[in-house]
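**Student:** As input, take input_19.txt (compact mmCIF, C-alpha atoms (C1' of nucleotides)):
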```
# COMPACT_ATOMS: atom_id res chain seq x y z
CA MET A 1 0.00 0.00 0.00
CA ARG A 2 1.37 3.41 -0.95
CA ILE A 3 1.09 6.43 1.28
CA GLY A 4 -1.78 7.93 -0.68
CA GLU A 5 -3.85 4.79 -0.35
CA LEU A 6 -3.11 4.59 3.35
CA ALA A 7 -4.14 8.21 3.70
CA LYS A 8 -7.42 7.57 1.94
CA ALA A 9 -8.09 4.39 3.91
CA THR A 10 -7.56 6.04 7.28
CA GLY A 11 -8.58 9.62 6.60
CA VAL A 12 -5.17 10.85 7.75
CA ASP A 13 -3.35 13.39 5.59
CA VAL A 14 -0.27 12.21 3.69
CA GLU A 15 1.90 14.87 5.30
CA THR A 16 0.62 13.86 8.71
CA ILE A 17 1.55 10.21 8.09
CA ARG A 18 5.10 11.23 7.26
CA TYR A 19 5.06 13.43 10.35
CA TYR A 20 4.03 10.44 12.50
CA GLU A 21 6.91 8.45 11.10
CA LYS A 22 9.37 11.19 11.96
CA ALA A 23 7.76 11.53 15.40
CA GLN A 24 8.29 7.80 16.00
CA LEU A 25 4.62 6.92 16.25
CA LEU A 26 4.55 4.85 13.11
CA SER A 27 7.46 2.57 12.25
CA ALA A 28 9.22 3.33 8.99
CA PRO A 29 7.86 1.01 6.28
CA THR A 30 9.99 -0.79 3.71
CA ARG A 31 10.55 0.98 0.43
CA SER A 32 9.68 -0.12 -3.10
CA ASP A 33 12.37 -0.01 -5.79
CA ASN A 34 11.33 3.51 -6.67
CA GLY A 35 11.79 4.67 -3.10
CA TYR A 36 8.09 4.90 -2.32
CA ARG A 37 6.93 3.87 1.14
CA ALA A 38 5.20 0.46 1.09
CA TYR A 39 2.79 0.00 3.96
CA THR A 40 1.29 -3.19 5.35
CA GLN A 41 -2.00 -3.98 7.04
CA ALA A 42 -0.22 -3.64 10.38
CA HIS A 43 0.61 -0.04 9.54
CA LEU A 44 -2.98 0.64 8.63
CA GLU A 45 -4.20 -0.71 11.96
CA ARG A 46 -1.64 1.20 13.92
CA LEU A 47 -2.50 4.42 12.12
CA ALA A 48 -6.22 3.87 12.68
CA PHE A 49 -5.42 3.40 16.37
CA ILE A 50 -3.51 6.66 16.45
CA ARG A 51 -6.26 8.48 14.60
CA HIS A 52 -8.87 7.18 17.00
CA CYS A 53 -6.83 8.37 19.96
CA ARG A 54 -6.35 11.76 18.34
CA ALA A 55 -10.10 12.00 17.75
CA LEU A 56 -10.33 11.66 21.51
CA ASP A 57 -7.79 14.50 21.73
CA ILE A 58 -5.24 12.33 23.47
CA PRO A 59 -1.81 13.96 23.08
CA LEU A 60 0.73 12.17 20.91
CA ALA A 61 2.99 11.51 23.89
CA ASP A 62 0.17 9.58 25.54
CA VAL A 63 -0.65 7.79 22.29
CA ARG A 64 2.98 6.68 22.25
CA ARG A 65 2.53 5.23 25.76
CA LEU A 66 -0.66 3.46 24.72
CA LEU A 67 1.10 1.91 21.75
CA THR A 68 3.65 0.32 24.06
CA PHE A 69 0.74 -1.34 25.85
CA VAL A 70 -0.63 -2.61 22.57
CA ASP A 71 2.79 -4.09 21.93
CA SER A 72 3.17 -5.68 25.37
CA PRO A 73 -0.12 -7.44 26.12
CA HIS A 74 1.04 -8.91 29.40
CA SER A 75 1.72 -5.66 31.14
CA ASP A 76 -0.70 -4.25 33.67
CA CYS A 77 -3.24 -1.82 32.28
CA GLY A 78 -3.49 0.40 35.35
CA GLU A 79 -1.71 3.18 33.54
CA ILE A 80 -4.22 3.02 30.72
CA ASN A 81 -7.03 3.74 33.14
CA HIS A 82 -5.02 6.53 34.63
CA LEU A 83 -4.35 8.01 31.22
CA VAL A 84 -7.98 7.97 30.19
CA ASP A 85 -8.99 9.42 33.53
CA ALA A 86 -6.49 12.24 33.14
CA GLN A 87 -7.77 12.93 29.65
CA LEU A 88 -11.34 12.99 30.92
CA ALA A 89 -10.40 15.42 33.67
CA LYS A 90 -8.66 17.67 31.16
CA VAL A 91 -11.65 17.66 28.85
CA ARG A 92 -14.02 18.43 31.69
CA ALA A 93 -11.92 21.35 32.86
CA ARG A 94 -11.81 22.75 29.37
CA LEU A 95 -15.53 22.18 29.03
CA ALA A 96 -16.22 24.23 32.14
CA SER A 97 -14.05 27.11 31.02
CA MET A 98 -15.62 26.98 27.55
CA GLN A 99 -19.06 27.27 29.06
CA ALA A 100 -18.00 30.27 31.10
CA LEU A 101 -16.53 31.74 27.94
CA GLU A 102 -19.79 31.29 26.07
CA ARG A 103 -21.70 33.10 28.81
CA GLN A 104 -19.18 35.94 28.76
CA LEU A 105 -19.34 36.36 25.02
CA MET A 106 -23.15 36.31 25.08
CA ALA A 107 -23.20 39.02 27.72
CA LEU A 108 -20.76 41.02 25.63
CA ARG A 109 -22.76 40.54 22.45
CA GLY A 110 -25.92 41.72 24.18
CA LEU A 111 -24.34 45.13 24.71
CA CYS A 112 -24.43 46.08 21.05
CA LEU A 113 -27.35 44.87 19.00
CA ALA A 114 -27.14 47.23 16.02
CA PRO A 115 -24.08 48.72 14.36
CA HIS A 116 -23.29 52.35 15.11
CA ALA A 117 -20.27 54.52 15.81
CA ALA A 118 -17.45 52.69 17.53
CA SER A 119 -17.29 55.38 20.18
CA GLU A 120 -20.77 54.38 21.31
CA CYS A 121 -20.39 50.64 20.94
CA GLY A 122 -21.28 48.82 24.14
CA ILE A 123 -18.92 46.00 23.34
CA LEU A 124 -15.93 48.26 22.90
CA HIS A 125 -16.86 50.21 26.02
CA GLU A 126 -17.03 47.00 27.90
CA LEU A 127 -13.63 45.80 26.74
CA VAL A 128 -12.06 49.17 27.50
CA ALA A 129 -13.74 49.32 30.91
CA ALA A 130 -11.84 46.21 31.89
CA ALA A 131 -8.71 48.30 31.63
CA HIS A 132 -9.94 50.48 34.48
CA GLY A 133 -10.72 47.53 36.69
CA GLU A 134 -14.41 48.34 36.61
CA ALA A 135 -17.03 45.66 36.82
CA CYS A 136 -17.78 44.25 33.40
CA ALA A 137 -20.56 42.14 32.03
CA CYS A 138 -18.12 39.30 31.57
CA HIS A 139 -16.60 39.28 35.03
CA PRO A 140 -18.93 41.01 37.46
CA ARG A 141 -17.37 42.01 40.75
CA SER A 142 -18.27 39.48 43.41
CA LYS A 143 -18.58 42.02 46.17
CA GLY A 144 -19.88 45.58 46.14
CA SER A 145 -21.80 47.32 43.36
CA ALA A 146 -21.83 45.29 40.20
CA THR A 147 -23.96 47.87 38.45
CA LEU A 148 -22.49 50.80 36.58
CA LYS A 149 -24.29 54.08 37.09
CA MET B 1 6.39 52.11 35.31
CA ARG B 2 8.87 49.32 34.65
CA ILE B 3 7.98 46.09 32.92
CA GLY B 4 7.83 44.11 36.16
CA GLU B 5 5.38 46.53 37.72
CA LEU B 6 3.23 46.49 34.60
CA ALA B 7 3.29 42.71 34.68
CA LYS B 8 2.17 42.64 38.28
CA ALA B 9 -0.53 45.27 37.70
CA THR B 10 -2.07 43.43 34.76
CA GLY B 11 -1.30 39.82 35.55
CA VAL B 12 0.52 39.44 32.23
CA ASP B 13 3.91 37.76 32.22
CA VAL B 14 6.96 39.94 31.56
CA GLU B 15 7.99 37.80 28.60
CA THR B 16 4.50 38.02 27.18
CA ILE B 17 4.56 41.82 27.37
CA ARG B 18 7.78 41.92 25.40
CA TYR B 19 6.21 39.44 22.97
CA TYR B 20 3.21 41.76 22.48
CA GLU B 21 5.56 44.62 21.69
CA LYS B 22 7.36 42.55 19.08
CA ALA B 23 3.99 41.40 17.70
CA GLN B 24 2.90 45.03 17.34
CA LEU B 25 0.03 44.83 19.80
CA LEU B 26 1.62 47.16 22.31
CA SER B 27 3.52 50.22 21.17
CA ALA B 28 7.18 50.36 22.16
CA PRO B 29 7.51 52.51 25.29
CA THR B 30 10.21 55.11 25.83
CA ARG B 31 13.36 53.94 27.55
CA SER B 32 14.92 55.16 30.78
CA ASP B 33 18.59 56.10 30.85
CA ASN B 34 19.48 52.56 31.80
CA GLY B 35 17.64 51.18 28.78
CA TYR B 36 14.70 49.84 30.76
CA ARG B 37 11.22 50.15 29.22
CA ALA B 38 9.19 52.94 30.87
CA TYR B 39 5.47 52.38 30.57
CA THR B 40 2.62 54.87 30.98
CA GLN B 41 -0.97 54.52 32.17
CA ALA B 42 -2.01 54.30 28.52
CA HIS B 43 0.12 51.18 28.13
CA LEU B 44 -1.46 49.67 31.18
CA GLU B 45 -4.95 50.23 29.84
CA ARG B 46 -4.09 48.86 26.45
CA LEU B 47 -2.52 45.79 27.97
CA ALA B 48 -5.55 45.22 30.20
CA PHE B 49 -7.71 45.47 27.09
CA ILE B 50 -5.59 42.84 25.35
CA ARG B 51 -5.65 40.60 28.37
CA HIS B 52 -9.40 40.84 28.63
CA CYS B 53 -9.78 39.90 24.97
CA ARG B 54 -7.42 36.98 25.43
CA ALA B 55 -9.43 35.82 28.43
CA LEU B 56 -12.29 35.63 25.94
CA ASP B 57 -9.97 33.58 23.73
CA ILE B 58 -10.05 36.14 20.96
CA PRO B 59 -7.06 35.55 18.67
CA LEU B 60 -4.34 38.19 18.62
CA ALA B 61 -5.09 39.08 14.99
CA ASP B 62 -8.64 39.98 16.01
CA VAL B 63 -7.43 41.87 19.07
CA ARG B 64 -5.29 43.91 16.71
CA ARG B 65 -8.42 44.76 14.69
CA LEU B 66 -10.30 45.70 17.85
CA LEU B 67 -7.49 48.00 18.89
CA THR B 68 -7.83 49.95 15.66
CA PHE B 69 -11.48 50.55 16.58
CA VAL B 70 -10.45 51.76 19.99
CA ASP B 71 -8.13 54.19 18.23
CA SER B 72 -10.70 55.40 15.70
CA PRO B 73 -13.89 56.13 17.65
CA HIS B 74 -15.81 57.45 14.66
CA SER B 75 -15.67 54.29 12.60
CA ASP B 76 -18.65 52.00 12.34
CA CYS B 77 -18.72 49.17 14.86
CA GLY B 78 -20.41 46.61 12.60
CA GLU B 79 -17.19 44.64 12.34
CA ILE B 80 -16.96 44.46 16.11
CA ASN B 81 -20.32 42.72 16.27
CA HIS B 82 -19.26 40.43 13.51
CA LEU B 83 -16.04 39.61 15.29
CA VAL B 84 -17.74 38.79 18.57
CA ASP B 85 -20.35 36.71 16.74
CA ALA B 86 -17.63 34.75 14.98
CA GLN B 87 -15.87 34.16 18.29
CA LEU B 88 -19.12 32.99 19.85
CA ALA B 89 -19.75 30.59 16.97
CA LYS B 90 -16.23 29.21 17.32
CA VAL B 91 -16.63 28.69 21.05
CA ARG B 92 -19.99 26.98 20.57
CA ALA B 93 -18.60 24.63 17.97
CA ARG B 94 -15.74 23.71 20.24
CA LEU B 95 -18.15 23.30 23.12
CA ALA B 96 -20.22 20.81 21.16
CA SER B 97 -17.22 18.75 20.13
CA MET B 98 -15.91 18.85 23.70
CA GLN B 99 -19.19 17.49 24.97
CA ALA B 100 -19.10 14.68 22.44
CA LEU B 101 -15.55 14.02 23.51
CA GLU B 102 -16.55 13.75 27.14
CA ARG B 103 -19.24 11.21 26.30
CA GLN B 104 -16.77 9.19 24.26
CA LEU B 105 -14.17 9.15 26.99
CA MET B 106 -16.74 8.16 29.59
CA ALA B 107 -17.90 5.27 27.41
CA LEU B 108 -14.27 4.25 26.99
CA ARG B 109 -13.55 4.51 30.68
CA GLY B 110 -16.55 2.32 31.51
CA LEU B 111 -14.94 -0.56 29.66
CA CYS B 112 -12.19 -1.09 32.19
CA LEU B 113 -13.01 -0.53 35.83
CA ALA B 114 -10.17 -2.39 37.52
CA PRO B 115 -6.57 -2.79 36.40
CA HIS B 116 -5.62 -6.12 34.89
CA ALA B 117 -3.49 -7.46 32.04
CA ALA B 118 -3.34 -5.13 29.08
CA SER B 119 -4.34 -7.95 26.78
CA GLU B 120 -7.71 -8.06 28.51
CA CYS B 121 -8.21 -4.35 28.95
CA GLY B 122 -11.50 -3.21 27.49
CA ILE B 123 -10.14 0.24 26.74
CA LEU B 124 -7.24 -1.07 24.74
CA HIS B 125 -9.52 -3.55 22.95
CA GLU B 126 -11.79 -0.70 22.08
CA LEU B 127 -9.05 1.49 20.69
CA VAL B 128 -7.62 -1.40 18.69
CA ALA B 129 -11.08 -2.36 17.42
CA ALA B 130 -11.34 1.01 15.76
CA ALA B 131 -8.48 -0.09 13.54
CA HIS B 132 -10.70 -2.82 12.11
CA GLY B 133 -13.54 -0.45 11.42
CA GLU B 134 -15.72 -2.24 13.93
CA ALA B 135 -18.36 -0.43 15.90
CA CYS B 136 -16.86 1.08 19.02
CA ALA B 137 -18.32 2.48 22.19
CA CYS B 138 -17.17 5.93 21.14
CA HIS B 139 -18.60 5.98 17.65
CA PRO B 140 -21.38 3.43 17.31
CA ARG B 141 -22.30 2.54 13.75
CA SER B 142 -25.47 4.36 12.72
CA LYS B 143 -26.80 1.49 10.62
CA GLY B 144 -26.73 -2.26 11.20
CA SER B 145 -25.62 -4.00 14.37
CA ALA B 146 -24.14 -1.63 16.86
CA THR B 147 -23.62 -4.43 19.36
CA LEU B 148 -20.53 -6.53 19.46
CA LYS B 149 -21.11 -10.22 19.99
C1' DT C 1 31.15 48.95 50.90
C1' DA C 2 31.01 44.21 49.31
C1' DG C 3 28.34 40.68 47.93
C1' DA C 4 23.98 38.59 46.89
C1' DA C 5 19.58 38.70 45.14
C1' DT C 6 16.55 40.57 42.04
C1' DC C 7 15.45 42.95 38.03
C1' DT C 8 16.11 44.08 33.13
C1' DC C 9 18.08 43.63 28.46
C1' DT C 10 18.73 41.05 23.72
C1' DG C 11 18.43 37.36 20.66
C1' DG C 12 17.37 32.83 19.74
C1' DA C 13 15.33 28.28 20.38
C1' DG C 14 11.51 25.24 21.87
C1' DT C 15 6.48 23.80 22.41
C1' DG C 16 2.38 20.64 19.86
C1' DA C 17 0.60 18.92 16.06
C1' DC C 18 0.54 19.66 12.23
C1' DT C 19 0.58 22.37 7.42
C1' DA C 20 2.70 24.34 3.44
C1' DC C 21 5.97 24.95 0.50
C1' DA C 22 10.26 24.34 -2.95
C1' DG C 23 12.44 21.55 -5.94
C1' DG C 24 12.89 17.42 -7.53
C1' DG C 25 11.83 12.14 -9.16
C1' DT C 26 8.24 8.34 -10.90
C1' DC C 27 4.55 6.58 -13.40
C1' DA C 28 0.21 5.85 -16.23
C1' DA C 29 -2.99 7.73 -19.75
C1' DG C 30 -3.93 10.00 -23.97
C1' DC D 1 5.80 13.12 -25.52
C1' DT D 2 3.46 15.69 -22.63
C1' DT D 3 0.25 16.22 -19.03
C1' DG D 4 -1.19 15.28 -14.61
C1' DA D 5 -1.24 12.66 -10.45
C1' DC D 6 1.45 10.81 -7.32
C1' DC D 7 5.80 10.38 -4.45
C1' DC D 8 10.38 11.98 -2.28
C1' DT D 9 13.37 15.15 1.02
C1' DG D 10 14.11 19.02 3.70
C1' DT D 11 12.86 23.27 5.51
C1' DA D 12 9.95 26.88 7.21
C1' DG D 13 5.60 28.56 8.95
C1' DT D 14 1.52 28.43 12.19
C1' DC D 15 -0.26 30.23 17.15
C1' DA D 16 0.68 32.29 21.38
C1' DC D 17 3.54 32.08 24.05
C1' DT D 18 7.60 30.10 27.20
C1' DC D 19 12.25 29.29 28.32
C1' DC D 20 17.05 30.01 28.11
C1' DA D 21 21.88 32.01 27.92
C1' DG D 22 24.65 35.59 28.83
C1' DA D 23 25.06 40.13 29.98
C1' DG D 24 24.21 44.68 32.49
C1' DA D 25 21.49 47.51 36.28
C1' DT D 26 19.53 48.05 40.60
C1' DT D 27 18.36 47.09 45.28
C1' DC D 28 18.73 44.73 49.65
C1' DT D 29 21.43 42.87 53.47
C1' DA D 30 25.65 42.22 56.36
```
How does this structure look as structure tokens?
**Tutor:**
Amino acid sequence: MRIGELAKATGVDVETIRYYEKAQLLSAPTRSDNGYRAYTQAHLERLAFIRHCRALDIPLADVRRLLTFVDSPHSDCGEINHLVDAQLAKVRARLASMQALERQLMALRGLCLAPHAASECGILHELVAAAHGEACACHPRSKGSATLK
Amino acid sequence: MRIGELAKATGVDVETIRYYEKAQLLSAPTRSDNGYRAYTQAHLERLAFIRHCRALDIPLADVRRLLTFVDSPHSDCGEINHLVDAQLAKVRARLASMQALERQLMALRGLCLAPHAASECGILHELVAAAHGEACACHPRSKGSATLK
DNA sequence: TAGAATCTCTGGAGTGACTACAGGGTCAAG
DNA sequence: CTTGACCCTGTAGTCACTCCAGAGATTCTA
């Protein structure tokens, strides 16, 4: 199988496959007489594994660890659990901050509903106000007056 | 104000401030006799503005655009709305994929509750199964048998 | 006043995970 | 025989920082 076929079969870009080889995630395949990379079914499976992990946003360093487990079936899988747990925690933390971000942007967007002069734009005012340490729609002060007069 | 004081006042790292200067987001301040950067209140406000935008995950290129609006108060703010809307759409898209990701990882995690040999680890089986195009707990096949026998 | 700790400077390299070239070689179809 | 699709290597660019080396300036403590 040539690199283009492998790319099509797995949905991974050709350049990315070469990158994975250089990054030691995919072993270097044998070469045909013309110097083209010749991949086997084993490569395809390994690449699909990597792609699946990446779809789960698992960093390449962790994918590398997981691959060693695939290669040594008698080792203990405790670290695998740990790895997935860590990934889940990371995703959840990002999820929470994303949700806060969405709320902040919605509050900001609500300050300017129709276009007008920038000097009167609620959004710009809001962003500038942050510079003065005033309460803003995004990050209301927890204590004291959260309302601007 | 020296760079360290500015950093403390805004919560932006010293190196990041210098980076913003190089990236043309913050104008180069005058220098003291010893060559140290001497910042003004205007710099502080501008930096706070940038920081606030970054807290909203607005890319630096967009922050640069926003700063031109701050500098030209008579321009129309339509682009500001557009920019915030685009940011909101981006955050929402990421939010959705993050939520899917969380579900996938939870499904994966449920496959191995106690550590044992890697060869029998449900998580590893699952990740490897993806290589064969089989249905997996993360991405069940829409048609046909979604259950593994 | 000496020495140490802290601050500041510049320029350059490193991060993650690709992505995009430039400049060439190989191969099949028309 | 030329066109186009594919493949090769190596390098540089992306984003937004972050870290480092090696040097000079300032400030604190003994």
**Student:** Atom C1' of D:DC20 to atom C1' of C:DC9: how many Å, to one decimal?
**Tutor:**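 Atom C1' of D:DC20 sits 13.7 Å away from atom C1' of C:DC9.
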**Student:** Enumerate, in order of chain and increasing residue number, the residues of chain B with an atom no farther than 12 Å from chain D, each with its shortest atom pair and distance in Å to one decimal, counting all atoms listed in the file, as a tab-separated table.
**Tutor:**
```
residue	atom	partner	partner_atom	distance
B:Val12	CA	D:DC17	C1'	11.4
B:Asp13	CA	D:DT18	C1'	9.9
B:Val14	CA	D:DT18	C1'	10.8
B:Glu15	CA	D:DT18	C1'	7.8
B:Thr16	CA	D:DC17	C1'	6.8
B:Ile17	CA	D:DC17	C1'	10.3
B:Arg18	CA	D:DC17	C1'	10.8
B:Tyr19	CA	D:DC17	C1'	7.9
B:Tyr20	CA	D:DC17	C1'	9.8
B:Ala23	CA	D:DA16	C1'	10.4
B:Ser32	CA	D:DA25	C1'	11.5
B:Asp33	CA	D:DA25	C1'	10.6
B:Asn34	CA	D:DA25	C1'	7.0
B:Gly35	CA	D:DA25	C1'	9.2
B:Tyr36	CA	D:DA25	C1'	9.1
B:Arg54	CA	D:DA16	C1'	10.2
B:Asp57	CA	D:DA16	C1'	11.0
B:Ile58	CA	D:DA16	C1'	11.4
B:Pro59	CA	D:DC15	C1'	8.8
B:Leu60	CA	D:DA16	C1'	8.2
B:Ala61	CA	D:DC15	C1'	10.3
```
**Student:** Taking only C-alpha atoms into account, which residues of chain A are within 6 Å of chain B, as JSON, numbers by chain?
**Tutor:** {"A": [45, 48, 49, 73, 74, 75, 76, 77, 78, 115, 116, 117, 118, 119, 127, 128, 131]}
**Student:** At what distance in Å, to one decimal, does atom CA of B:Pro29 lie from atom CA of B:Glu5?
**Tutor:** 14.0 Å
**Student:** Please, which residues of chain C lie no more than 12 Å from chain B when the count uses all atoms listed in the file, and can they be set out as a short mmCIF file (atom, residue, chain, number, x, y, z; two decimals) with C-alpha atoms (C1' of nucleotides), keeping the file's coordinate frame?
**Tutor:**
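So the final result, stored in out39.cif, reads:
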```cif
data_model
loop_
_atom_site.label_atom_id
_atom_site.label_comp_id
_atom_site.auth_asym_id
_atom_site.auth_seq_id
_atom_site.Cartn_x
_atom_site.Cartn_y
_atom_site.Cartn_z
"C1'" DT C 6 16.55 40.57 42.04
"C1'" DC C 7 15.45 42.95 38.03
"C1'" DT C 8 16.11 44.08 33.13
"C1'" DC C 9 18.08 43.63 28.46
"C1'" DT C 10 18.73 41.05 23.72
#
```
**Student:** Expressed in Å to a single decimal, how great is the separation between atom C1' of C:DT19 and atom CA of A:Thr68?
**Tutor:**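 Separation between atom C1' of C:DT19 and atom CA of A:Thr68: 27.8 Å.
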**Student:** Mind fitting chain A onto chain B over all Cα atoms in sequence order and sending the result as a short mmCIF file (atom, residue, chain, number, x, y, z; two decimals) with C-alpha atoms, in the frame of the given file?
**Tutor:**
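Below is the file out03.cif, written as the result:
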```
data_model
loop_
_atom_site.label_atom_id
_atom_site.label_comp_id
_atom_site.auth_asym_id
_atom_site.auth_seq_id
_atom_site.Cartn_x
_atom_site.Cartn_y
_atom_site.Cartn_z
CA MET A 1 6.37 52.00 35.32
CA ARG A 2 8.87 49.22 34.66
CA ILE A 3 7.94 46.00 32.93
CA GLY A 4 7.79 44.02 36.15
CA GLU A 5 5.34 46.43 37.71
CA LEU A 6 3.21 46.40 34.59
CA ALA A 7 3.25 42.62 34.66
CA LYS A 8 2.12 42.55 38.26
CA ALA A 9 -0.56 45.19 37.68
CA THR A 10 -2.10 43.38 34.74
CA GLY A 11 -1.35 39.75 35.53
CA VAL A 12 0.46 39.36 32.20
CA ASP A 13 3.85 37.67 32.19
CA VAL A 14 6.91 39.83 31.53
CA GLU A 15 7.95 37.69 28.58
CA THR A 16 4.46 37.93 27.16
CA ILE A 17 4.53 41.74 27.36
CA ARG A 18 7.74 41.81 25.37
CA TYR A 19 6.16 39.35 22.95
CA TYR A 20 3.17 41.69 22.48
CA GLU A 21 5.53 44.52 21.69
CA LYS A 22 7.31 42.47 19.06
CA ALA A 23 3.94 41.32 17.70
CA GLN A 24 2.87 44.96 17.33
CA LEU A 25 0.01 44.79 19.80
CA LEU A 26 1.59 47.11 22.31
CA SER A 27 3.52 50.17 21.15
CA ALA A 28 7.16 50.28 22.15
CA PRO A 29 7.52 52.44 25.28
CA THR A 30 10.24 55.02 25.82
CA ARG A 31 13.37 53.85 27.57
CA SER A 32 14.95 55.07 30.80
CA ASP A 33 18.64 55.99 30.82
CA ASN A 34 19.51 52.44 31.78
CA GLY A 35 17.64 51.05 28.80
CA TYR A 36 14.70 49.75 30.79
CA ARG A 37 11.24 50.03 29.26
CA ALA A 38 9.21 52.84 30.88
CA TYR A 39 5.48 52.31 30.57
CA THR A 40 2.66 54.80 30.98
CA GLN A 41 -0.92 54.48 32.16
CA ALA A 42 -1.97 54.26 28.51
CA HIS A 43 0.14 51.13 28.13
CA LEU A 44 -1.44 49.62 31.19
CA GLU A 45 -4.93 50.21 29.83
CA ARG A 46 -4.08 48.85 26.45
CA LEU A 47 -2.53 45.74 27.96
CA ALA A 48 -5.55 45.20 30.21
CA PHE A 49 -7.71 45.45 27.09
CA ILE A 50 -5.61 42.84 25.34
CA ARG A 51 -5.67 40.57 28.36
CA HIS A 52 -9.43 40.84 28.62
CA CYS A 53 -9.81 39.92 24.97
CA ARG A 54 -7.45 36.98 25.41
CA ALA A 55 -9.47 35.81 28.41
CA LEU A 56 -12.33 35.65 25.94
CA ASP A 57 -10.03 33.59 23.70
CA ILE A 58 -10.12 36.16 20.93
CA PRO A 59 -7.13 35.56 18.64
CA LEU A 60 -4.41 38.20 18.61
CA ALA A 61 -5.15 39.10 15.00
CA ASP A 62 -8.70 40.01 16.00
CA VAL A 63 -7.46 41.87 19.08
CA ARG A 64 -5.32 43.91 16.71
CA ARG A 65 -8.45 44.78 14.69
CA LEU A 66 -10.33 45.73 17.85
CA LEU A 67 -7.50 48.02 18.90
CA THR A 68 -7.84 49.97 15.67
CA PHE A 69 -11.47 50.57 16.61
CA VAL A 70 -10.44 51.79 20.03
CA ASP A 71 -8.12 54.20 18.27
CA SER A 72 -10.68 55.43 15.74
CA PRO A 73 -13.87 56.15 17.69
CA HIS A 74 -15.77 57.50 14.72
CA SER A 75 -15.66 54.37 12.65
CA ASP A 76 -18.65 52.09 12.38
CA CYS A 77 -18.72 49.24 14.86
CA GLY A 78 -20.43 46.70 12.61
CA GLU A 79 -17.23 44.72 12.35
CA ILE A 80 -16.99 44.52 16.11
CA ASN A 81 -20.35 42.81 16.27
CA HIS A 82 -19.30 40.51 13.50
CA LEU A 83 -16.08 39.66 15.29
CA VAL A 84 -17.80 38.84 18.55
CA ASP A 85 -20.40 36.80 16.72
CA ALA A 86 -17.71 34.82 14.95
CA GLN A 87 -15.95 34.21 18.24
CA LEU A 88 -19.19 33.05 19.81
CA ALA A 89 -19.83 30.67 16.94
CA LYS A 90 -16.32 29.26 17.26
CA VAL A 91 -16.70 28.73 20.98
CA ARG A 92 -20.05 27.04 20.52
CA ALA A 93 -18.68 24.68 17.91
CA ARG A 94 -15.80 23.76 20.15
CA LEU A 95 -18.20 23.35 23.04
CA ALA A 96 -20.27 20.85 21.09
CA SER A 97 -17.27 18.80 20.05
CA MET A 98 -15.94 18.90 23.62
CA GLN A 99 -19.21 17.53 24.91
CA ALA A 100 -19.11 14.71 22.39
CA LEU A 101 -15.54 14.05 23.45
CA GLU A 102 -16.53 13.82 27.09
CA ARG A 103 -19.22 11.27 26.27
CA GLN A 104 -16.75 9.23 24.24
CA LEU A 105 -14.14 9.21 26.96
CA MET A 106 -16.73 8.23 29.57
CA ALA A 107 -17.87 5.32 27.43
CA LEU A 108 -14.26 4.30 26.99
CA ARG A 109 -13.51 4.58 30.69
CA GLY A 110 -16.50 2.41 31.53
CA LEU A 111 -14.90 -0.49 29.68
CA CYS A 112 -12.16 -1.01 32.23
CA LEU A 113 -13.00 -0.40 35.85
CA ALA A 114 -10.16 -2.27 37.56
CA PRO A 115 -6.56 -2.69 36.44
CA HIS A 116 -5.58 -6.03 34.96
CA ALA A 117 -3.47 -7.38 32.12
CA ALA A 118 -3.28 -5.06 29.14
CA SER A 119 -4.29 -7.89 26.85
CA GLU A 120 -7.67 -8.00 28.58
CA CYS A 121 -8.16 -4.27 28.99
CA GLY A 122 -11.47 -3.13 27.54
CA ILE A 123 -10.10 0.29 26.78
CA LEU A 124 -7.19 -1.02 24.76
CA HIS A 125 -9.46 -3.49 22.98
CA GLU A 126 -11.74 -0.67 22.12
CA LEU A 127 -8.99 1.52 20.71
CA VAL A 128 -7.57 -1.37 18.71
CA ALA A 129 -11.02 -2.35 17.44
CA ALA A 130 -11.27 1.02 15.77
CA ALA A 131 -8.44 -0.11 13.54
CA HIS A 132 -10.66 -2.84 12.13
CA GLY A 133 -13.51 -0.48 11.43
CA GLU A 134 -15.69 -2.23 13.97
CA ALA A 135 -18.30 -0.40 15.94
CA CYS A 136 -16.81 1.14 19.05
CA ALA A 137 -18.27 2.56 22.19
CA CYS A 138 -17.09 5.99 21.13
CA HIS A 139 -18.49 6.02 17.62
CA PRO A 140 -21.27 3.47 17.33
CA ARG A 141 -22.25 2.56 13.79
CA SER A 142 -25.38 4.44 12.81
CA LYS A 143 -26.82 1.62 10.79
CA GLY A 144 -26.71 -2.14 11.32
CA SER A 145 -25.59 -4.00 14.43
CA ALA A 146 -23.95 -1.71 16.92
CA THR A 147 -23.46 -4.55 19.36
CA LEU A 148 -20.40 -6.75 19.33
CA LYS A 149 -21.07 -10.43 19.86
#
```
**Student:** So that all listed atoms of stretch 1-20 of chain D fit with 6 Å spare on each side, what axis-aligned box centre and edge lengths in Å, to one decimal, would you give as AutoDock Vina command-line options?
**Tutor:**
```
--center_x 7.9 --center_y 21.3 --center_z 1.4 --size_x 30.3 --size_y 33.9 --size_z 65.8
```
